[in-house]
Amino acid sequence: MSQVRVRFAPSPTGFFHIGSARTALFNWLYARHTGGKFILRIEDTDKERNSEAFLKVIFDSMRWLGMDWDEGPEVGGEFGPYFQSQRTELYKAKLQELAAKGRAYEKDGAWWLRLEGARSPAYDDHLKKDYEKVDTVPMVLHDMVRGQVARVEDRDFVIFRSNGEPVFHFVNVVDDIEMQITHVIRGEDHLSNTSKHLELFKAFGAKPPIYGHIPLILKTDGPGKMSKRDKGALIEEYQQRRYLPSAVRNYLCLLGWTPADGKEVLPIEEIIKQFEISAVHQSNARFDERKMSHINAQTLRTLPAAEFATLARPILLETKVIDASVSDARLTEVLGIVQEKVTSLEHLPEFMGFFFTTDFKKDEGALANLTKKGGDPVARVRELLPTLEAAAWTEPALEAAFAAVGAARERKPTDYFAPVRFATSGQGGGAHLLGVLRVLGRDTTLARLKAFIA
Ligand code: GLU
């Protein structure tokens, strides 16, 4: 079989949302899975609605998500230019080609595609109708996702408007032919265009690509399609909220596809290996922000420590949690106990700020909870303090200290955990407590416990 060539063909008329990202991603995965080529083509024929800013967002978002294109803007390739706005002459020539074959004709200033065996509007004029239904057998389309789909196109349709601009169907097909696209993977909202596209391929005498129409993404609640205005719809949002691009990408893969063994958090190399377009679901996918956030947390945990530190440092500097004097060794030590618990890089400053300042924030809600549950937190800290002061500063020794005081006072050791956590961090939850105390160090811990009692 000849090499797979797929394309992502966005129109830069709005922000890059998860629907577009998922379409791009499925094309990219298919290309990488088959060893084919992934082409980026900008469908910017609608001059009024296109903008440079939107174009930049598309490039940035695709790069952020790691979807590199083999041909297209800023990369080049032998089938360029890859902006439809720069291909006007080609479209005009292609229109002439159809006209010469008798497959395109002009009426009321617009150019129409004459369907094979169809009566043309021109002919129908004297019947006082614009055009008439033609007896056509439905075309059967073998869609990679949907299986057999029957479509009928029974009327001539406009391919060049009276203002001289080609319509979407025309440029889309001309470019798919010229760029030798073998497979078209796109949203189900385009399924209704496919019959027109197949007619155009027929008119040009070109072999159509194989289509795969992927399911819609529904909003979290209710029956509606996810729209650009819904929360969580824009890729930029995840960039700003410091999501890991690999986690966002992993989640997008699951919108309409499930890995064969059901394991959902997996490295991209593994996804590329497993991805089958024929296994894409026919039913609509539903956007689930909690799942996305869960995958983000899971992915964060799997990062090598050095990579986690590289991501964390600029965020902590920017939020002034640390300054440049904090050594790599110290940062890595703190991050080492934080990494398995923090759910997002966005929360990192709040989660670990107390390691680097004595003036840490105290969560009043957590304090109120403590008093409600375990009686007097100050009394607990006071009971524990002498034993901790005598303990060696290792996790097992600290654990033994909690156990000993608990046993002596006929309390669970955990009765002491929450008060000590609050006294040392101001928080009601967080990283593993014994680890926190070890990394805070003996002096800081004891000083904070004493300050709490006072
Ligand atoms: N420019 C079209 C869109 O934005 C592309 C459709 C296609 O992939 O064929 O949806």
# chains A, B, ... in the order shown; residues from 1 in each chain; ligands from 1
$ residues_around --residues "A:Ala306" --least-positions-apart "3" --cutoff "12 Å" --atoms "only C-alpha atoms" --output "PyMOL selection string"
chain A and resi 302-303+309-313+328-329+331-333+335-336+339
$ residues_near_ligand --ligand "ligand 1" --cutoff "9 Å" --atoms "only C-alpha atoms and all ligand atoms" --output "PDB file with N, CA, C and O atoms, in the first residue's frame"
ATOM      1  N   ARG A   7      -4.306  14.809   6.732  1.00  0.00           N
ATOM      2  CA  ARG A   7      -4.125  16.247   6.967  1.00  0.00           C
ATOM      3  C   ARG A   7      -5.085  16.720   8.036  1.00  0.00           C
ATOM      4  O   ARG A   7      -6.160  16.175   8.263  1.00  0.00           O
ATOM      5  N   PHE A   8      -4.647  17.773   8.719  1.00  0.00           N
ATOM      6  CA  PHE A   8      -5.537  18.507   9.602  1.00  0.00           C
ATOM      7  C   PHE A   8      -5.725  19.846   8.911  1.00  0.00           C
ATOM      8  O   PHE A   8      -4.745  20.474   8.508  1.00  0.00           O
ATOM      9  N   ALA A   9      -6.994  20.235   8.739  1.00  0.00           N
ATOM     10  CA  ALA A   9      -7.273  21.390   7.881  1.00  0.00           C
ATOM     11  C   ALA A   9      -8.129  22.437   8.588  1.00  0.00           C
ATOM     12  O   ALA A   9      -9.281  22.656   8.241  1.00  0.00           O
ATOM     13  N   PRO A  10      -7.572  23.090   9.599  1.00  0.00           N
ATOM     14  CA  PRO A  10      -8.378  24.046  10.363  1.00  0.00           C
ATOM     15  C   PRO A  10      -8.603  25.360   9.613  1.00  0.00           C
ATOM     16  O   PRO A  10      -7.800  25.741   8.775  1.00  0.00           O
ATOM     17  N   SER A  11      -9.700  25.998   9.953  1.00  0.00           N
ATOM     18  CA  SER A  11      -9.946  27.365   9.492  1.00  0.00           C
ATOM     19  C   SER A  11      -9.666  28.276  10.675  1.00  0.00           C
ATOM     20  O   SER A  11     -10.263  28.098  11.731  1.00  0.00           O
ATOM     21  N   PRO A  12      -8.755  29.226  10.523  1.00  0.00           N
ATOM     22  CA  PRO A  12      -8.385  30.062  11.685  1.00  0.00           C
ATOM     23  C   PRO A  12      -9.416  31.138  11.970  1.00  0.00           C
ATOM     24  O   PRO A  12      -9.136  32.330  11.876  1.00  0.00           O
ATOM     25  N   THR A  13     -10.595  30.708  12.337  1.00  0.00           N
ATOM     26  CA  THR A  13     -11.679  31.674  12.567  1.00  0.00           C
ATOM     27  C   THR A  13     -12.096  31.718  14.027  1.00  0.00           C
ATOM     28  O   THR A  13     -13.089  32.327  14.370  1.00  0.00           O
ATOM     29  N   SER A  20     -11.189  20.589  17.831  1.00  0.00           N
ATOM     30  CA  SER A  20     -10.171  20.697  16.779  1.00  0.00           C
ATOM     31  C   SER A  20      -8.920  19.946  17.188  1.00  0.00           C
ATOM     32  O   SER A  20      -8.306  19.249  16.374  1.00  0.00           O
ATOM     33  N   THR A  23      -9.393  16.278  16.669  1.00  0.00           N
ATOM     34  CA  THR A  23      -9.334  15.907  15.255  1.00  0.00           C
ATOM     35  C   THR A  23      -7.885  15.886  14.769  1.00  0.00           C
ATOM     36  O   THR A  23      -7.444  14.942  14.105  1.00  0.00           O
ATOM     37  N   ARG A  41      -2.814  21.969   6.866  1.00  0.00           N
ATOM     38  CA  ARG A  41      -3.264  22.839   5.768  1.00  0.00           C
ATOM     39  C   ARG A  41      -4.224  23.864   6.355  1.00  0.00           C
ATOM     40  O   ARG A  41      -5.155  23.500   7.077  1.00  0.00           O
ATOM     41  N   ILE A  42      -3.989  25.106   6.052  1.00  0.00           N
ATOM     42  CA  ILE A  42      -4.816  26.160   6.635  1.00  0.00           C
ATOM     43  C   ILE A  42      -5.909  26.551   5.642  1.00  0.00           C
ATOM     44  O   ILE A  42      -5.626  27.032   4.547  1.00  0.00           O
ATOM     45  N   GLU A  43      -7.149  26.337   6.045  1.00  0.00           N
ATOM     46  CA  GLU A  43      -8.281  26.635   5.169  1.00  0.00           C
ATOM     47  C   GLU A  43      -8.774  28.051   5.470  1.00  0.00           C
ATOM     48  O   GLU A  43      -9.758  28.253   6.175  1.00  0.00           O
ATOM     49  N   ASP A  44      -8.045  28.991   4.912  1.00  0.00           N
ATOM     50  CA  ASP A  44      -8.287  30.395   5.249  1.00  0.00           C
ATOM     51  C   ASP A  44      -8.863  31.173   4.077  1.00  0.00           C
ATOM     52  O   ASP A  44      -8.411  32.273   3.765  1.00  0.00           O
ATOM     53  N   PHE A 168     -16.062  26.186   0.147  1.00  0.00           N
ATOM     54  CA  PHE A 168     -15.319  25.229   0.964  1.00  0.00           C
ATOM     55  C   PHE A 168     -15.200  23.850   0.309  1.00  0.00           C
ATOM     56  O   PHE A 168     -14.108  23.270   0.240  1.00  0.00           O
ATOM     57  N   HIS A 169     -16.318  23.295  -0.192  1.00  0.00           N
ATOM     58  CA  HIS A 169     -16.281  21.928  -0.748  1.00  0.00           C
ATOM     59  C   HIS A 169     -15.253  21.820  -1.867  1.00  0.00           C
ATOM     60  O   HIS A 169     -14.518  20.851  -1.976  1.00  0.00           O
ATOM     61  N   ASN A 172     -11.529  22.253  -0.609  1.00  0.00           N
ATOM     62  CA  ASN A 172     -11.218  21.115   0.253  1.00  0.00           C
ATOM     63  C   ASN A 172     -10.859  19.899  -0.606  1.00  0.00           C
ATOM     64  O   ASN A 172      -9.844  19.233  -0.390  1.00  0.00           O
ATOM     65  N   VAL A 173     -11.668  19.652  -1.634  1.00  0.00           N
ATOM     66  CA  VAL A 173     -11.427  18.485  -2.485  1.00  0.00           C
ATOM     67  C   VAL A 173     -10.230  18.711  -3.406  1.00  0.00           C
ATOM     68  O   VAL A 173      -9.379  17.824  -3.559  1.00  0.00           O
ATOM     69  N   ASP A 176      -7.232  18.149  -1.360  1.00  0.00           N
ATOM     70  CA  ASP A 176      -7.033  16.734  -1.000  1.00  0.00           C
ATOM     71  C   ASP A 176      -6.484  15.949  -2.198  1.00  0.00           C
ATOM     72  O   ASP A 176      -5.662  15.056  -2.042  1.00  0.00           O
ATOM     73  N   VAL A 184      -9.072  10.820   5.141  1.00  0.00           N
ATOM     74  CA  VAL A 184      -9.589  12.048   5.730  1.00  0.00           C
ATOM     75  C   VAL A 184     -10.267  11.699   7.050  1.00  0.00           C
ATOM     76  O   VAL A 184     -11.261  10.977   7.070  1.00  0.00           O
ATOM     77  N   ILE A 185      -9.684  12.172   8.122  1.00  0.00           N
ATOM     78  CA  ILE A 185     -10.270  11.946   9.442  1.00  0.00           C
ATOM     79  C   ILE A 185     -10.770  13.292   9.917  1.00  0.00           C
ATOM     80  O   ILE A 185      -9.989  14.243  10.048  1.00  0.00           O
ATOM     81  N   ARG A 186     -12.060  13.407  10.131  1.00  0.00           N
ATOM     82  CA  ARG A 186     -12.615  14.700  10.528  1.00  0.00           C
ATOM     83  C   ARG A 186     -13.881  14.494  11.336  1.00  0.00           C
ATOM     84  O   ARG A 186     -14.370  13.382  11.462  1.00  0.00           O
ATOM     85  N   GLY A 187     -14.391  15.586  11.877  1.00  0.00           N
ATOM     86  CA  GLY A 187     -15.551  15.518  12.765  1.00  0.00           C
ATOM     87  C   GLY A 187     -16.799  15.063  12.035  1.00  0.00           C
ATOM     88  O   GLY A 187     -16.965  15.289  10.830  1.00  0.00           O
ATOM     89  N   ASP A 189     -19.578  16.240  12.110  1.00  0.00           N
ATOM     90  CA  ASP A 189     -20.355  17.351  11.547  1.00  0.00           C
ATOM     91  C   ASP A 189     -20.073  17.526  10.053  1.00  0.00           C
ATOM     92  O   ASP A 189     -20.825  18.191   9.359  1.00  0.00           O
ATOM     93  N   HIS A 190     -19.011  16.913   9.556  1.00  0.00           N
ATOM     94  CA  HIS A 190     -18.701  17.008   8.121  1.00  0.00           C
ATOM     95  C   HIS A 190     -19.275  15.852   7.311  1.00  0.00           C
ATOM     96  O   HIS A 190     -19.154  15.832   6.082  1.00  0.00           O
ATOM     97  N   ASN A 193     -21.286  16.630   4.357  1.00  0.00           N
ATOM     98  CA  ASN A 193     -20.599  17.231   3.199  1.00  0.00           C
ATOM     99  C   ASN A 193     -20.004  16.175   2.278  1.00  0.00           C
ATOM    100  O   ASN A 193     -19.586  16.474   1.159  1.00  0.00           O
ATOM    101  N   THR A 194     -19.924  14.960   2.779  1.00  0.00           N
ATOM    102  CA  THR A 194     -19.136  13.953   2.076  1.00  0.00           C
ATOM    103  C   THR A 194     -19.682  13.613   0.706  1.00  0.00           C
ATOM    104  O   THR A 194     -18.915  13.372  -0.229  1.00  0.00           O
TER     105      THR A 194
END
$ residues_around --residues "A:Glu97" --least-positions-apart "4" --cutoff "12 Å" --atoms "only C-alpha atoms" --output "list in words"
Leu90, Tyr91, Lys92, Ala93, Lys101, Gly102, Arg103, Ala104, Tyr105, Leu113, Val174, Ala203, Phe204 and Gly205 of chain A
$ closest_residue --among "A:Ser327, A:Gly262, A:Thr343, A:Leu385" --to "A:Arg290" --atoms "only C-alpha atoms"
A:Thr343
$ atom_distance --atom1 "atom CA of A:Ile217" --atom2 "atom CA of A:Val265"
19.8 Å
$ decode --residues "stretch 294-309 of chain A" --atoms "all heavy atoms" --output "PDB file, in the first residue's frame"
ATOM      1  N   HIS A 294      -7.649  14.268  36.708  1.00  0.00           N
ATOM      2  CA  HIS A 294      -7.133  13.034  37.301  1.00  0.00           C
ATOM      3  C   HIS A 294      -5.934  12.509  36.492  1.00  0.00           C
ATOM      4  O   HIS A 294      -4.908  12.115  37.056  1.00  0.00           O
ATOM      5  CB  HIS A 294      -8.261  12.004  37.339  1.00  0.00           C
ATOM      6  CG  HIS A 294      -7.824  10.631  37.734  1.00  0.00           C
ATOM      7  ND1 HIS A 294      -7.476  10.319  39.032  1.00  0.00           N
ATOM      8  CD2 HIS A 294      -7.648   9.499  37.010  1.00  0.00           C
ATOM      9  CE1 HIS A 294      -7.106   9.047  39.081  1.00  0.00           C
ATOM     10  NE2 HIS A 294      -7.198   8.526  37.867  1.00  0.00           N
ATOM     11  N   ILE A 295      -6.065  12.539  35.181  1.00  0.00           N
ATOM     12  CA  ILE A 295      -4.969  12.073  34.327  1.00  0.00           C
ATOM     13  C   ILE A 295      -3.756  12.984  34.488  1.00  0.00           C
ATOM     14  O   ILE A 295      -2.611  12.539  34.510  1.00  0.00           O
ATOM     15  CB  ILE A 295      -5.429  11.984  32.849  1.00  0.00           C
ATOM     16  CG1 ILE A 295      -6.430  10.838  32.713  1.00  0.00           C
ATOM     17  CG2 ILE A 295      -4.247  11.794  31.899  1.00  0.00           C
ATOM     18  CD1 ILE A 295      -7.006  10.654  31.341  1.00  0.00           C
ATOM     19  N   ASN A 296      -4.033  14.270  34.652  1.00  0.00           N
ATOM     20  CA  ASN A 296      -2.934  15.209  34.867  1.00  0.00           C
ATOM     21  C   ASN A 296      -2.164  14.857  36.150  1.00  0.00           C
ATOM     22  O   ASN A 296      -0.934  14.811  36.164  1.00  0.00           O
ATOM     23  CB  ASN A 296      -3.491  16.637  34.938  1.00  0.00           C
ATOM     24  CG  ASN A 296      -2.400  17.674  34.990  1.00  0.00           C
ATOM     25  OD1 ASN A 296      -1.539  17.742  34.104  1.00  0.00           O
ATOM     26  ND2 ASN A 296      -2.394  18.468  36.042  1.00  0.00           N
ATOM     27  N   ALA A 297      -2.915  14.579  37.223  1.00  0.00           N
ATOM     28  CA  ALA A 297      -2.283  14.227  38.501  1.00  0.00           C
ATOM     29  C   ALA A 297      -1.472  12.936  38.367  1.00  0.00           C
ATOM     30  O   ALA A 297      -0.338  12.838  38.837  1.00  0.00           O
ATOM     31  CB  ALA A 297      -3.355  14.087  39.581  1.00  0.00           C
ATOM     32  N   GLN A 298      -2.060  11.972  37.703  1.00  0.00           N
ATOM     33  CA  GLN A 298      -1.383  10.682  37.512  1.00  0.00           C
ATOM     34  C   GLN A 298      -0.094  10.845  36.714  1.00  0.00           C
ATOM     35  O   GLN A 298       0.925  10.244  37.030  1.00  0.00           O
ATOM     36  CB  GLN A 298      -2.291   9.742  36.701  1.00  0.00           C
ATOM     37  CG  GLN A 298      -3.574   9.392  37.387  1.00  0.00           C
ATOM     38  CD  GLN A 298      -3.461   8.066  38.071  1.00  0.00           C
ATOM     39  OE1 GLN A 298      -3.012   7.104  37.487  1.00  0.00           O
ATOM     40  NE2 GLN A 298      -3.836   8.027  39.324  1.00  0.00           N
ATOM     41  N   THR A 299      -0.177  11.654  35.671  1.00  0.00           N
ATOM     42  CA  THR A 299       0.988  11.848  34.805  1.00  0.00           C
ATOM     43  C   THR A 299       2.102  12.566  35.559  1.00  0.00           C
ATOM     44  O   THR A 299       3.275  12.228  35.425  1.00  0.00           O
ATOM     45  CB  THR A 299       0.589  12.641  33.541  1.00  0.00           C
ATOM     46  OG1 THR A 299      -0.572  12.040  32.973  1.00  0.00           O
ATOM     47  CG2 THR A 299       1.703  12.637  32.511  1.00  0.00           C
ATOM     48  N   LEU A 300       1.695  13.527  36.377  1.00  0.00           N
ATOM     49  CA  LEU A 300       2.649  14.284  37.182  1.00  0.00           C
ATOM     50  C   LEU A 300       3.484  13.342  38.041  1.00  0.00           C
ATOM     51  O   LEU A 300       4.691  13.500  38.203  1.00  0.00           O
ATOM     52  CB  LEU A 300       1.855  15.238  38.073  1.00  0.00           C
ATOM     53  CG  LEU A 300       2.419  16.598  38.447  1.00  0.00           C
ATOM     54  CD1 LEU A 300       2.993  17.320  37.252  1.00  0.00           C
ATOM     55  CD2 LEU A 300       1.332  17.442  39.093  1.00  0.00           C
ATOM     56  N   ARG A 301       2.819  12.334  38.594  1.00  0.00           N
ATOM     57  CA  ARG A 301       3.486  11.378  39.477  1.00  0.00           C
ATOM     58  C   ARG A 301       4.516  10.516  38.756  1.00  0.00           C
ATOM     59  O   ARG A 301       5.463  10.036  39.368  1.00  0.00           O
ATOM     60  CB  ARG A 301       2.424  10.448  40.080  1.00  0.00           C
ATOM     61  CG  ARG A 301       2.211  10.719  41.536  1.00  0.00           C
ATOM     62  CD  ARG A 301       0.831  10.326  41.971  1.00  0.00           C
ATOM     63  NE  ARG A 301       0.073  11.538  42.230  1.00  0.00           N
ATOM     64  CZ  ARG A 301      -1.214  11.579  42.503  1.00  0.00           C
ATOM     65  NH1 ARG A 301      -1.911  10.470  42.527  1.00  0.00           N
ATOM     66  NH2 ARG A 301      -1.797  12.722  42.740  1.00  0.00           N
ATOM     67  N   THR A 302       4.297  10.318  37.468  1.00  0.00           N
ATOM     68  CA  THR A 302       5.200   9.428  36.733  1.00  0.00           C
ATOM     69  C   THR A 302       6.434  10.153  36.183  1.00  0.00           C
ATOM     70  O   THR A 302       7.320   9.518  35.625  1.00  0.00           O
ATOM     71  CB  THR A 302       4.476   8.770  35.539  1.00  0.00           C
ATOM     72  OG1 THR A 302       4.114   9.799  34.622  1.00  0.00           O
ATOM     73  CG2 THR A 302       3.244   8.010  35.976  1.00  0.00           C
ATOM     74  N   LEU A 303       6.477  11.486  36.339  1.00  0.00           N
ATOM     75  CA  LEU A 303       7.625  12.215  35.771  1.00  0.00           C
ATOM     76  C   LEU A 303       8.913  11.893  36.528  1.00  0.00           C
ATOM     77  O   LEU A 303       8.896  11.777  37.755  1.00  0.00           O
ATOM     78  CB  LEU A 303       7.391  13.724  35.871  1.00  0.00           C
ATOM     79  CG  LEU A 303       6.299  14.352  35.039  1.00  0.00           C
ATOM     80  CD1 LEU A 303       6.278  15.857  35.290  1.00  0.00           C
ATOM     81  CD2 LEU A 303       6.514  14.071  33.561  1.00  0.00           C
ATOM     82  N   PRO A 304      10.029  11.785  35.843  1.00  0.00           N
ATOM     83  CA  PRO A 304      11.311  11.669  36.536  1.00  0.00           C
ATOM     84  C   PRO A 304      11.524  12.919  37.403  1.00  0.00           C
ATOM     85  O   PRO A 304      11.113  14.019  37.019  1.00  0.00           O
ATOM     86  CB  PRO A 304      12.337  11.632  35.394  1.00  0.00           C
ATOM     87  CG  PRO A 304      11.565  11.307  34.161  1.00  0.00           C
ATOM     88  CD  PRO A 304      10.159  11.763  34.380  1.00  0.00           C
ATOM     89  N   ALA A 305      12.160  12.729  38.574  1.00  0.00           N
ATOM     90  CA  ALA A 305      12.313  13.820  39.543  1.00  0.00           C
ATOM     91  C   ALA A 305      12.953  15.061  38.918  1.00  0.00           C
ATOM     92  O   ALA A 305      12.540  16.192  39.183  1.00  0.00           O
ATOM     93  CB  ALA A 305      13.131  13.339  40.732  1.00  0.00           C
ATOM     94  N   ALA A 306      13.945  14.850  38.066  1.00  0.00           N
ATOM     95  CA  ALA A 306      14.654  15.993  37.486  1.00  0.00           C
ATOM     96  C   ALA A 306      13.718  16.794  36.578  1.00  0.00           C
ATOM     97  O   ALA A 306      13.752  18.026  36.556  1.00  0.00           O
ATOM     98  CB  ALA A 306      15.862  15.509  36.698  1.00  0.00           C
ATOM     99  N   GLU A 307      12.871  16.093  35.866  1.00  0.00           N
ATOM    100  CA  GLU A 307      11.938  16.771  34.966  1.00  0.00           C
ATOM    101  C   GLU A 307      10.899  17.542  35.781  1.00  0.00           C
ATOM    102  O   GLU A 307      10.523  18.665  35.442  1.00  0.00           O
ATOM    103  CB  GLU A 307      11.264  15.731  34.068  1.00  0.00           C
ATOM    104  CG  GLU A 307      10.597  16.336  32.862  1.00  0.00           C
ATOM    105  CD  GLU A 307       9.932  15.270  32.000  1.00  0.00           C
ATOM    106  OE1 GLU A 307      10.422  14.121  31.974  1.00  0.00           O
ATOM    107  OE2 GLU A 307       8.897  15.590  31.369  1.00  0.00           O
ATOM    108  N   PHE A 308      10.439  16.913  36.860  1.00  0.00           N
ATOM    109  CA  PHE A 308       9.477  17.576  37.745  1.00  0.00           C
ATOM    110  C   PHE A 308      10.092  18.865  38.293  1.00  0.00           C
ATOM    111  O   PHE A 308       9.444  19.912  38.320  1.00  0.00           O
ATOM    112  CB  PHE A 308       9.086  16.618  38.871  1.00  0.00           C
ATOM    113  CG  PHE A 308       8.002  17.137  39.765  1.00  0.00           C
ATOM    114  CD1 PHE A 308       6.744  17.415  39.267  1.00  0.00           C
ATOM    115  CD2 PHE A 308       8.242  17.338  41.124  1.00  0.00           C
ATOM    116  CE1 PHE A 308       5.737  17.892  40.095  1.00  0.00           C
ATOM    117  CE2 PHE A 308       7.246  17.819  41.963  1.00  0.00           C
ATOM    118  CZ  PHE A 308       5.989  18.093  41.447  1.00  0.00           C
ATOM    119  N   ALA A 309      11.353  18.804  38.692  1.00  0.00           N
ATOM    120  CA  ALA A 309      12.031  19.980  39.238  1.00  0.00           C
ATOM    121  C   ALA A 309      12.174  21.066  38.180  1.00  0.00           C
ATOM    122  O   ALA A 309      11.999  22.260  38.457  1.00  0.00           O
ATOM    123  CB  ALA A 309      13.392  19.590  39.786  1.00  0.00           C
TER     124      ALA A 309
END
